[in-house]
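These notes are about the structure you will find just below.
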Amino acid sequence: MIRTNRTVKIAGSEPGVSAPVFDQARAEKAVRELLLACGEDPDRDGLQETPARVARAFQEMFAGLYLDPDSVLDRTFDEAHEELVLLTDIPLYSTCEHHLVPFHGVAHVGYIPNAHGKVTGLSKLVRLVDLYARRPQVQERLTSQIADAVDRKLRPRGVIVVIEAEHLCMAMRGIRKPGARTTTSAVRGLLQTSSSTRAEALDLIKGRR
Ligand SMILES: Nc1nc2c(ncn2[C@@H]2O[C@H](COP(=O)(O)OP(=O)(O)OP(=O)(O)O)[C@@H](O)[C@H]2O)c(=O)[nH]1
Ligand SMILES: [Zn+2]
């Protein structure tokens, strides 16, 4: 049986909801073991600090595992705006959960506030993208997790998330096709049910340059 890390309760979460804790010593040991498995000498000059560096890098790249996504959109304010709010070209770096190499690109996030005009700070949408990106991911899940969090917290009339990314697991290894881009989308509410509203949002995303 694989022993997992201990967990801690996320501040403000429901009883029983917990998040994993990063184990630096265990990660360092694993990186050292990987270097040995690759036939490298982890004790040679250039590699001595590598297990500690790689462990810290993974802690940063997976920082979203230790945060509560719902707390990101906790602060909302009322603004009488019932039309689309769209953020485009949010830079995105994530980690493919199959190969643990990066996929990177841009995210576009839009929502139509509800009749109460419940809106959030623009940077909070960027923080949400960042939080979910900093986990072992597949692009489809990343896209829908962002859409679902906006839907859950803002109760908007509609949500659209589009991600365009290049997967290094298809560029630097495997099929080796640098430049191939994957586009995923997730739509909720009015942006799912109304093709004209969705088309308007997609036009704004496509025509942004
Ligand atoms: N749908 C989806 N697939 C992904 C994503 N990231 C990586 N993959 C794919 O995951 C698949 C894993 O396939 P496997 O056959 O188990 O692994 P593999 O032998 O390393 O596959 P190759 O990459 O084809 O060499 C590959 O086809 C990857 O292109 C993602 O975000 N979404
Ligand atoms: Zn991959």
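Naming scheme: A, B, ... for chains in displayed order of the structure tokens; residues 1 onward per chain; ligands 1 onward as shown.
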Please identify the residues whose atoms come within 8 Å of ligand 2, using only C-alpha atoms and all ligand atoms, and report them as a list of chain:residue names. A:Thr95, A:Cys96, A:Glu97, A:His98, A:His99, A:Leu100, A:Val101, A:Pro102, A:Phe103, A:His167, A:Leu168, A:Cys169, A:Met170
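Surrounding segment 131-142 of chain A within 8 Å are Glu60, Met61, Phe62, Ala63, Gly64, Leu65, Leu67, Pro69, Leu92, Tyr93, Ser94, Thr95, Cys96, Glu97, Leu100, Arg127, Ile146, Ile163, Thr184 and Ser185 of chain A, with only C-alpha atoms counted and residues fewer than 4 positions along the same chain left out.
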Between A:Thr50, A:Asn114, A:Thr120, A:Gln59, single out the one closest to Thr76 of chain A, counting only C-alpha atoms. A:Thr120
Tell me which of A:Thr183, A:Ser144, A:Ser194, A:Ser123 sits closest to His104 of chain A, counting only C-alpha atoms. A:Thr183
With only C-alpha atoms as the counted atoms, please give the residues lying no more than 10 Å from Glu200 of chain A, apart from itself and same-chain residues fewer than 6 positions off, as a PDB file with N, CA and C atoms, in the first residue's frame.
ATOM      1  N   LEU A  84     -21.185  40.853 -20.035  1.00  0.00           N
ATOM      2  CA  LEU A  84     -19.988  40.010 -19.929  1.00  0.00           C
ATOM      3  C   LEU A  84     -18.788  40.759 -19.340  1.00  0.00           C
ATOM      4  N   LEU A 191     -24.065  31.020 -21.039  1.00  0.00           N
ATOM      5  CA  LEU A 191     -23.031  30.849 -22.055  1.00  0.00           C
ATOM      6  C   LEU A 191     -23.025  29.426 -22.619  1.00  0.00           C
ATOM      7  N   LYS A 206     -11.498  35.432 -29.781  1.00  0.00           N
ATOM      8  CA  LYS A 206     -10.754  35.229 -31.039  1.00  0.00           C
ATOM      9  C   LYS A 206     -10.195  36.535 -31.589  1.00  0.00           C
TER      10      LYS A 206
END
Between atom CA of Ala37 of chain A and atom 5 (C, counted along the ligand's line) of ligand 1, what is the distance in Å, rounded to a tenth? 25.4 Å
If you run DSSP on this backbone, which residues of chain A come out as strand (DSSP E or B), and could you give them as a ChimeraX atom specification? /A:7-9,18-20,76-78,85-96,102-112,118-120,136-137,158-167,182-189
Give me the residues near Leu125 of chain A as a PDB file with C-alpha atoms, in the first residue's frame, where near means some atom within 8 Å (using only C-alpha atoms) and where sequence neighbours in that chain fewer than 4 positions away do not count.
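File produced: around23.pdb:
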ATOM      1  CA  LEU A  73     -13.498  34.337  -4.628  1.00  0.00           C
ATOM      2  CA  VAL A 109     -12.106  33.630 -18.273  1.00  0.00           C
ATOM      3  CA  THR A 120     -15.254  39.905  -8.058  1.00  0.00           C
ATOM      4  CA  GLY A 121     -11.899  41.653  -8.303  1.00  0.00           C
ATOM      5  CA  VAL A 129      -6.458  30.140 -12.682  1.00  0.00           C
TER       6      VAL A 129
END
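You can rank A:Ile175, A:Ile90, A:Ala149, A:Leu154 by their closest distance to Pro113 of chain A using only C-alpha atoms, and at the top of that list sits A:Leu154.
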Restricting to only C-alpha atoms, whichever of A:Ile205, A:Asp74, A:Val85, A:Pro51 is closest to Leu36 of chain A is A:Pro51
If I take atom CA of Thr88 of chain A and atom CA of Ile160 of chain A, how far is one from the other in Å, to one decimal? 11.1 Å
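Remark: for ligand 1, the closest of the candidate residues A:Cys38, A:Arg152, A:Arg188, A:Thr143 is A:Thr143 (distances computed over only C-alpha atoms and all ligand atoms).
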What does the structure give for the distance between atom CA of Gly189 of chain A and atom CA of Leu87 of chain A, in Å to one decimal? 18.0 Å
Identify, with DSSP run on backbone atoms, the residues in segment 29-209 of chain A assigned to alpha helix (DSSP H), and express the list as an NGL selection string. :A and (29-37 or 50-61 or 69-72 or 122-133 or 139-154 or 168-171 or 190-193 or 195-206)
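Within 10 Å of Glu33 of chain A, once only C-alpha atoms are used and residues closer than 6 positions along the same chain are dropped, the contacting residues are Ala27, Gly39, Glu40, Pro42 and Pro51 of chain A.
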Okay, now the selection with C-alpha atoms, as a short mmCIF file (atom, residue, chain, number, x, y, z; two decimals), in the first residue's frame?
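Now in result_18.cif:
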data_model
loop_
_atom_site.label_atom_id
_atom_site.label_comp_id
_atom_site.auth_asym_id
_atom_site.auth_seq_id
_atom_site.Cartn_x
_atom_site.Cartn_y
_atom_site.Cartn_z
CA ALA A 27 10.60 14.80 -1.98
CA GLY A 39 22.45 6.42 -13.75
CA GLU A 40 23.57 9.83 -12.45
CA PRO A 42 23.72 12.72 -7.09
CA PRO A 51 17.26 17.22 -4.80
#
Identify which of the residues A:Gln145, A:Gln24, A:Ser71, A:Thr182 lies closest to ligand 1, counting only C-alpha atoms and all ligand atoms when measuring atom-to-atom distances. A:Thr182
